[in-house]
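Q: Input input-v6.txt, format and content: compact mmCIF, C-alpha atoms.
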# COMPACT_ATOMS: atom_id res chain seq x y z
CA MET J 1 10.11 49.48 25.33
CA ALA J 2 10.97 49.74 28.97
CA ALA J 3 13.49 47.41 30.55
CA ASP J 4 12.12 44.21 31.95
CA PRO J 5 11.49 44.88 35.67
CA GLU J 6 12.79 42.67 38.44
CA ALA J 7 10.40 40.37 40.23
CA ALA J 8 8.18 42.73 42.20
CA PRO J 9 4.91 42.35 44.06
CA GLY J 10 2.19 41.71 41.54
CA SER J 11 4.47 40.62 38.71
CA PRO J 12 4.16 37.12 37.27
CA VAL J 13 7.55 36.11 38.64
CA ALA J 14 6.87 37.08 42.24
CA GLY J 15 6.31 34.08 44.48
CA LEU J 16 3.95 31.23 43.76
CA GLY J 17 0.45 31.24 42.34
CA LEU J 18 1.17 31.90 38.67
CA THR J 19 -0.81 28.87 37.49
CA ALA J 20 -3.73 29.75 39.78
CA ALA J 21 -3.72 33.28 38.35
CA VAL J 22 -3.74 31.87 34.80
CA VAL J 23 -6.74 29.69 35.67
CA ALA J 24 -8.51 32.69 37.22
CA ILE J 25 -8.09 34.93 34.15
CA ALA J 26 -9.10 32.07 31.82
CA VAL J 27 -12.29 31.36 33.78
CA SER J 28 -13.03 35.09 33.94
CA ASN J 29 -12.95 35.38 30.16
CA VAL J 30 -14.97 32.20 29.62
CA LEU J 31 -17.66 33.68 31.87
CA GLY J 32 -17.37 36.95 29.95
CA GLY J 33 -17.95 35.09 26.69
CA VAL J 34 -21.09 33.43 28.06
CA SER J 35 -22.40 36.87 29.05
CA TYR J 36 -23.19 37.75 25.43
CA LEU J 37 -25.87 35.06 25.36
CA TRP J 38 -27.28 36.02 28.77
CA GLN J 39 -27.30 39.71 27.87
CA LYS J 40 -29.27 38.94 24.73
CA LEU J 41 -31.84 37.11 26.86
CA ALA J 42 -32.02 39.95 29.41
CA LEU J 43 -32.56 42.59 26.73
CA VAL J 44 -35.83 40.94 25.69
CA GLY J 45 -37.60 42.56 28.64
CA LEU J 46 -35.35 45.42 29.81
CA PRO J 47 -33.60 48.37 28.11
CA PRO J 48 -29.82 48.01 27.72
CA ILE J 49 -28.31 50.51 30.14
CA THR J 50 -30.86 49.47 32.78
CA VAL J 51 -29.54 45.91 32.42
CA ILE J 52 -25.99 47.19 32.95
CA LEU J 53 -26.96 49.19 36.04
CA LEU J 54 -28.99 46.36 37.59
CA ARG J 55 -26.27 43.74 37.06
CA ASN J 56 -23.80 46.19 38.58
CA ILE J 57 -26.06 46.64 41.63
CA VAL J 58 -26.42 42.86 42.03
CA ALA J 59 -22.62 42.50 42.00
CA LEU J 60 -22.23 45.34 44.50
CA VAL J 61 -24.69 43.72 46.92
CA ALA J 62 -22.85 40.38 46.69
CA MET J 63 -19.49 42.06 47.30
CA ALA J 64 -20.87 44.18 50.16
CA ILE J 65 -22.09 41.02 51.92
CA MET J 66 -18.68 39.35 51.53
CA LEU J 67 -16.85 42.45 52.74
CA ALA J 68 -19.18 42.91 55.70
CA VAL J 69 -18.71 39.28 56.78
CA SER J 70 -14.93 39.65 56.60
CA GLY J 71 -14.95 43.03 58.37
CA ASN J 72 -13.59 44.88 55.32
CA LEU J 73 -16.62 46.96 54.36
CA ARG J 74 -14.83 50.30 54.61
CA TRP J 75 -13.10 52.90 52.42
CA PRO J 76 -9.31 52.69 52.94
CA TYR J 77 -8.31 54.83 49.93
CA ASP J 78 -6.80 58.30 49.96
CA ARG J 79 -7.87 61.07 47.58
CA GLN J 80 -5.45 60.08 44.80
CA ALA J 81 -6.47 56.41 44.91
CA THR J 82 -10.15 57.39 45.00
CA TRP J 83 -9.68 59.55 41.91
CA ARG J 84 -7.96 56.67 40.10
CA LEU J 85 -10.80 54.34 41.11
CA PHE J 86 -13.29 56.89 39.79
CA ILE J 87 -11.53 56.86 36.41
CA VAL J 88 -11.37 53.05 36.42
CA GLY J 89 -15.05 52.74 37.28
CA ASN J 90 -16.38 55.31 34.84
CA VAL J 91 -13.90 55.55 31.95
CA ALA J 92 -12.57 51.97 31.84
CA PHE J 93 -15.67 50.07 33.08
CA ALA J 94 -19.02 51.88 32.79
CA LEU J 95 -18.24 53.81 29.59
CA PRO J 96 -17.10 50.82 27.49
CA MET J 97 -20.11 48.81 28.68
CA VAL J 98 -22.47 51.61 27.58
CA LEU J 99 -20.62 52.15 24.30
CA GLY J 100 -20.83 48.43 23.60
CA ILE J 101 -24.61 48.42 23.99
CA VAL J 102 -25.08 51.62 21.96
CA GLY J 103 -22.67 50.43 19.28
CA VAL J 104 -24.54 47.16 18.82
CA GLN J 105 -27.80 49.09 18.49
CA TRP J 106 -26.30 51.24 15.73
CA SER J 107 -24.44 48.35 14.16
CA THR J 108 -24.69 44.58 14.68
CA ALA J 109 -23.72 42.08 17.36
CA SER J 110 -21.51 40.35 14.79
CA ASN J 111 -19.51 43.51 14.20
CA GLY J 112 -19.24 43.92 17.96
CA SER J 113 -17.72 40.44 18.25
CA ILE J 114 -15.00 41.49 15.82
CA LEU J 115 -14.25 44.95 17.18
CA ILE J 116 -13.93 43.80 20.81
CA LEU J 117 -10.81 42.03 19.53
CA LEU J 118 -9.11 45.44 19.69
CA GLU J 119 -9.03 45.04 23.48
CA PRO J 120 -5.99 42.73 23.80
CA ALA J 121 -3.76 44.97 21.68
CA SER J 122 -5.04 47.96 23.68
CA ILE J 123 -4.14 46.25 26.96
CA LEU J 124 -0.64 45.61 25.63
CA PHE J 125 -0.24 49.22 24.45
CA PHE J 126 -1.57 50.84 27.63
CA SER J 127 0.47 48.48 29.81
CA TRP J 128 3.58 49.72 28.05
CA LEU J 129 2.48 53.38 27.97
CA LEU J 130 1.11 53.74 31.51
CA LEU J 131 3.02 51.09 33.47
CA ARG J 132 6.17 50.90 31.34
CA GLU J 133 5.88 47.13 31.35
CA PHE J 134 8.42 45.29 29.26
CA ILE J 135 6.65 43.79 26.24
CA HIS J 136 8.40 40.61 25.14
CA ARG J 137 8.38 39.78 21.42
CA LEU J 138 6.62 36.51 22.26
CA GLN J 139 3.78 38.53 23.78
CA VAL J 140 3.36 40.51 20.59
CA LEU J 141 3.50 37.31 18.54
CA GLY J 142 1.00 35.66 20.90
CA ILE J 143 -1.45 38.55 20.48
CA LEU J 144 -1.17 38.31 16.69
CA VAL J 145 -1.65 34.53 16.73
CA GLY J 146 -4.58 34.84 19.14
CA LEU J 147 -6.14 37.49 16.90
CA VAL J 148 -5.95 35.15 13.92
CA GLY J 149 -7.63 32.41 15.95
CA ALA J 150 -10.36 34.73 17.23
CA LEU J 151 -11.06 36.00 13.72
CA LEU J 152 -11.47 32.40 12.56
CA VAL J 153 -14.10 32.00 15.29
CA VAL J 154 -16.12 35.15 14.60
CA THR J 155 -15.75 36.10 10.93
CA GLU J 156 -17.79 33.26 9.49
CA THR J 157 -20.95 35.13 10.56
CA ALA J 158 -19.37 38.59 10.60
CA PRO J 159 -17.33 39.30 7.46
CA LEU J 160 -14.65 41.97 7.63
CA GLU J 161 -15.60 43.58 4.31
CA GLY J 162 -17.23 46.95 4.75
CA LEU J 163 -16.61 47.08 8.49
CA PHE J 164 -15.90 50.82 8.38
CA THR J 165 -18.08 51.74 5.44
CA GLY J 166 -21.79 51.77 4.76
CA GLN J 167 -24.76 52.16 7.09
CA HIS J 168 -23.04 50.75 10.19
CA LEU J 169 -20.02 53.08 10.04
CA TRP J 170 -20.70 55.15 13.17
CA GLY J 171 -21.90 52.16 15.14
CA ASN J 172 -18.68 50.36 14.27
CA VAL J 173 -16.60 53.38 15.28
CA ILE J 174 -18.37 53.33 18.68
CA LEU J 175 -17.73 49.59 19.00
CA ALA J 176 -14.06 50.10 18.16
CA SER J 177 -13.85 52.80 20.86
CA HIS J 178 -15.47 50.45 23.34
CA GLY J 179 -12.84 47.77 22.61
CA VAL J 180 -9.99 50.26 23.06
CA LEU J 181 -11.40 51.64 26.32
CA TRP J 182 -11.68 48.14 27.80
CA GLY J 183 -7.93 47.98 27.29
CA LEU J 184 -7.51 50.68 29.94
CA TYR J 185 -9.05 48.68 32.77
CA SER J 186 -6.15 46.39 33.67
CA PRO J 187 -3.33 48.98 33.39
CA LEU J 188 -5.31 51.46 35.51
CA ILE J 189 -6.31 49.13 38.33
CA LYS J 190 -3.05 47.13 38.43
CA PRO J 191 -1.07 49.73 40.48
CA LEU J 192 -3.90 49.89 43.02
CA LEU J 193 -3.88 46.10 43.37
CA ASP J 194 -0.11 46.17 43.88
CA THR J 195 -0.45 48.87 46.57
CA TYR J 196 -3.58 47.86 48.43
CA GLY J 197 -4.15 44.19 47.57
CA LYS J 198 -7.63 42.90 48.49
CA PRO J 199 -9.11 42.55 44.98
CA ILE J 200 -12.69 42.30 46.21
CA GLN J 201 -12.41 45.63 48.05
CA LEU J 202 -10.98 47.37 44.98
CA THR J 203 -13.53 45.78 42.66
CA PHE J 204 -16.34 46.92 44.95
CA ALA J 205 -14.97 50.47 45.13
CA SER J 206 -14.53 50.87 41.37
CA MET J 207 -17.98 49.46 40.60
CA LEU J 208 -19.60 51.65 43.27
CA LEU J 209 -18.04 54.75 41.70
CA ALA J 210 -19.22 53.54 38.27
CA CYS J 211 -22.78 54.22 39.44
CA VAL J 212 -22.00 57.94 39.15
CA SER J 213 -22.41 57.59 35.37
CA LEU J 214 -24.60 54.49 35.16
CA VAL J 215 -27.50 55.82 37.26
CA PRO J 216 -28.16 58.97 35.17
CA ALA J 217 -27.61 57.03 31.94
CA ALA J 218 -30.22 54.45 33.00
CA LEU J 219 -32.67 57.21 33.97
CA PHE J 220 -32.78 58.28 30.32
CA GLU J 221 -34.46 54.93 29.64
CA HIS J 222 -37.24 55.41 32.21
CA ASP J 223 -39.91 55.57 29.48
CA GLN J 224 -38.93 51.99 28.54
CA TRP J 225 -39.43 50.62 32.06
CA GLN J 226 -42.56 48.60 31.46
CA THR J 227 -44.04 45.42 32.78
CA GLY J 228 -44.66 42.65 30.31
CA PRO J 229 -44.54 38.91 29.74
CA HIS J 230 -40.74 38.91 29.42
CA LEU J 231 -39.90 41.07 32.45
CA ALA J 232 -39.48 38.21 34.94
CA GLU J 233 -37.22 36.30 32.55
CA ALA J 234 -35.19 39.46 31.85
CA LEU J 235 -34.74 40.08 35.58
CA TRP J 236 -33.59 36.48 36.06
CA TRP J 237 -30.92 36.75 33.37
CA THR J 238 -29.87 40.15 34.73
CA LEU J 239 -29.42 38.51 38.14
CA CYS J 240 -27.26 35.82 36.48
CA LEU J 241 -25.20 38.50 34.74
CA GLY J 242 -24.71 40.33 38.03
CA LEU J 243 -23.64 37.31 40.06
CA VAL J 244 -21.68 35.29 37.50
CA VAL J 245 -20.15 37.99 35.28
CA SER J 246 -20.11 41.40 37.01
CA PHE J 247 -19.30 39.81 40.38
CA ALA J 248 -17.43 36.55 39.80
CA ALA J 249 -15.73 37.24 36.45
CA THR J 250 -14.61 40.78 37.36
CA LEU J 251 -13.32 39.60 40.73
CA LEU J 252 -11.42 36.72 39.13
CA TRP J 253 -9.90 39.15 36.62
CA ASN J 254 -8.62 41.39 39.41
CA VAL J 255 -7.41 38.42 41.47
CA SER J 256 -5.33 37.31 38.49
CA LEU J 257 -3.76 40.79 38.25
CA THR J 258 -2.27 40.36 41.73
CA LYS J 259 0.08 37.76 40.17
CA LEU J 260 0.13 38.62 36.47
CA ARG J 261 1.35 41.70 34.69
CA SER J 262 -1.35 43.70 32.99
CA SER J 263 0.10 42.85 29.57
CA THR J 264 0.03 39.11 30.33
CA VAL J 265 -3.77 38.98 30.65
CA ALA J 266 -4.31 40.47 27.18
CA PRO J 267 -4.59 37.31 25.02
CA PHE J 268 -7.12 35.68 27.33
CA VAL J 269 -9.74 38.09 25.95
CA PHE J 270 -9.67 35.99 22.79
CA LEU J 271 -11.34 33.21 24.80
CA GLN J 272 -14.52 35.30 24.99
CA PRO J 273 -15.76 34.88 21.40
CA LEU J 274 -14.85 31.18 21.56
CA ALA J 275 -16.86 30.77 24.78
CA GLY J 276 -19.75 32.66 23.19
CA VAL J 277 -19.78 30.34 20.18
CA LEU J 278 -19.63 27.26 22.41
CA ALA J 279 -22.47 28.61 24.57
CA GLY J 280 -24.60 29.20 21.48
CA TRP J 281 -23.89 25.66 20.31
CA PHE J 282 -24.67 24.11 23.70
CA VAL J 283 -27.75 26.18 24.62
CA LEU J 284 -29.24 27.33 21.33
CA ASP J 285 -28.20 24.40 19.10
CA GLU J 286 -26.24 26.77 16.86
CA THR J 287 -23.78 25.22 14.40
CA LEU J 288 -20.26 24.58 15.68
CA THR J 289 -18.02 24.90 12.63
CA ALA J 290 -14.60 23.48 11.90
CA GLU J 291 -13.30 27.06 11.62
CA ALA J 292 -14.38 27.74 15.21
CA LEU J 293 -12.60 24.63 16.47
CA VAL J 294 -9.41 25.49 14.57
CA GLY J 295 -9.69 29.08 15.82
CA GLY J 296 -9.94 27.82 19.40
CA ALA J 297 -6.75 25.80 18.98
CA VAL J 298 -4.94 28.80 17.47
CA ILE J 299 -6.10 30.98 20.38
CA GLY J 300 -4.58 28.42 22.74
CA VAL J 301 -1.24 28.72 20.93
CA GLY J 302 -1.40 32.51 21.22
CA VAL J 303 -2.07 32.34 24.96
CA ALA J 304 0.81 29.89 25.42
CA LEU J 305 3.20 32.23 23.59
CA VAL J 306 2.27 35.15 25.85
CA LEU J 307 2.64 33.06 29.01
CA ALA J 308 6.00 31.56 27.99
CA PRO J 309 8.18 34.50 29.20
CA ALA J 310 6.42 34.55 32.59
CA TYR J 311 7.05 30.84 33.18
CA ARG J 312 10.65 31.18 31.99
CA ARG J 313 11.28 33.99 34.50
CA ARG J 314 9.75 31.97 37.31
CA ARG J 315 11.93 28.95 36.47
CA ALA J 316 14.99 31.22 36.34
CA LEU J 317 14.26 32.52 39.84
CA ARG J 318 14.00 29.00 41.21
CA THR J 319 17.38 27.92 39.85
Reformat the file's structure so that it appears as structure tokens.

A:
Amino acid sequence: MAADPEAAPGSPVAGLGLTAAVVAIAVSNVLGGVSYLWQKLALVGLPPITVILLRNIVALVAMAIMLAVSGNLRWPYDRQATWRLFIVGNVAFALPMVLGIVGVQWSTASNGSILILLEPASILFFSWLLLREFIHRLQVLGILVGLVGALLVVTETAPLEGLFTGQHLWGNVILASHGVLWGLYSPLIKPLLDTYGKPIQLTFASMLLACVSLVPAALFEHDQWQTGPHLAEALWWTLCLGLVVSFAATLLWNVSLTKLRSSTVAPFVFLQPLAGVLAGWFVLDETLTAEALVGGAVIGVGVALVLAPAYRRRRALRT
């Protein structure tokens, strides 16, 4: 593991705002957890990749309006930064979203809720590999504790037995790949945030470049573009996904990375299945089990363990 860096721009020990960044990444993942319910509702009347493209377009329009009002609707990136943004948008954003939809079609949503839990460990690994971030033992312990808590939340309806055997094998492999690829997003965009700042501008740029792969992928579904009784409802939930998740949650995620190390955001992903379970309980009257509540508490302990080194470093700087 690389040596622990000094307080530098973008690290969790640089300046103030650590708690605000923690709140931002927590809210981002809660919104991401709610998206599973909204996506299910949107898919009733629209094909999957079309939903992804449309929610992406909604988010782009919202960001373009904000950037235009602030006078920042421009492209300030050189060729190297543009290439990195292209990789972020297509390999670490569009591709895992598409793989997640395809994987669920070949497998089950329950298996998807388990295999997305590969993302936090992937963030930790890629943060070390690509950014040479120092990984504190408490961070590793926090990820393991958070994983236990998340598994308590999801495995009651999605047992682990036979996850990589039987009829859902290839679908589960795709879902595992989608979880790993999501782990690339934070380590890839973090250096750009440290260099350029302005999270909304970077989020807009990466999502705009993601259309390079999303548009042709959605065109393959053109034979499924049909009117019907559920189309209006599907468009409404797609609009919600675009504004609340693709726009607000992604922006909050990138805002948090201006203060937090890429590795520090990893355990917050475990909040997503918990938020999904709570949304199902609140909206669909699904059962809220004791295991889910215990799992939520364990996830909280895991997050606290990962955050502990960051708060210790900040206190050390102040003394």

Q: How many Å separate atom CA of Leu208 of chain J from atom CA of Ser35 of chain J?

A: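 We find that atom CA of Leu208 of chain J and atom CA of Ser35 of chain J lie 20.7 Å from each other.
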
Q: Near Ala297 of chain J, counting only C-alpha atoms, which residues have an atom at most 12 Å away, once you skip same-chain residues fewer than 2 positions from it, shown as a CSV table (one decimal) with C-alpha atoms, keeping the file's coordinate frame?

A:
chain,number,residue,atom,x,y,z
J,145,VAL,CA,-1.6,34.5,16.7
J,146,GLY,CA,-4.6,34.8,19.1
J,147,LEU,CA,-6.1,37.5,16.9
J,148,VAL,CA,-6.0,35.2,13.9
J,149,GLY,CA,-7.6,32.4,16.0
J,150,ALA,CA,-10.4,34.7,17.2
J,152,LEU,CA,-11.5,32.4,12.6
J,153,VAL,CA,-14.1,32.0,15.3
J,270,PHE,CA,-9.7,36.0,22.8
J,271,LEU,CA,-11.3,33.2,24.8
J,274,LEU,CA,-14.8,31.2,21.6
J,290,ALA,CA,-14.6,23.5,11.9
J,291,GLU,CA,-13.3,27.1,11.6
J,292,ALA,CA,-14.4,27.7,15.2
J,293,LEU,CA,-12.6,24.6,16.5
J,294,VAL,CA,-9.4,25.5,14.6
J,295,GLY,CA,-9.7,29.1,15.8
J,299,ILE,CA,-6.1,31.0,20.4
J,300,GLY,CA,-4.6,28.4,22.7
J,301,VAL,CA,-1.2,28.7,20.9
J,302,GLY,CA,-1.4,32.5,21.2
J,303,VAL,CA,-2.1,32.3,25.0
J,304,ALA,CA,0.8,29.9,25.4

Q: Please list as a ChimeraX atom specification every residue within 10 Å of segment 185-190 of chain J, counting all atoms listed in the file and excluding residues in the same chain fewer than 3 positions away.

A: /J:10-11,81,84-85,87-89,91-93,96,119,122-133,180-182,193-195,197,199,202-203,206,253-254,257-258,260-263,265-266

Q: Return the single residue from J:Ile49, J:Leu117, J:Ile143, J:Ile57 that is closest to Gln272 of chain J, with distances computed using all atoms listed in the file.

A: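 Closest to Gln272 of chain J of all the choices is J:Leu117.
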
Q: Please list, as a PyMOL selection string, the residues that have an atom at most 8 Å away from (-27.6, 40.2, 36.6) in the coordinates of this file, counting all atoms listed in the file.

A: chain J and resi 51+54-56+58-59+235-246

Q: Could you check how far atom CA of Gly32 of chain J sits from atom CA of Gln226 of chain J, in Å to one decimal?

A: 27.8 Å
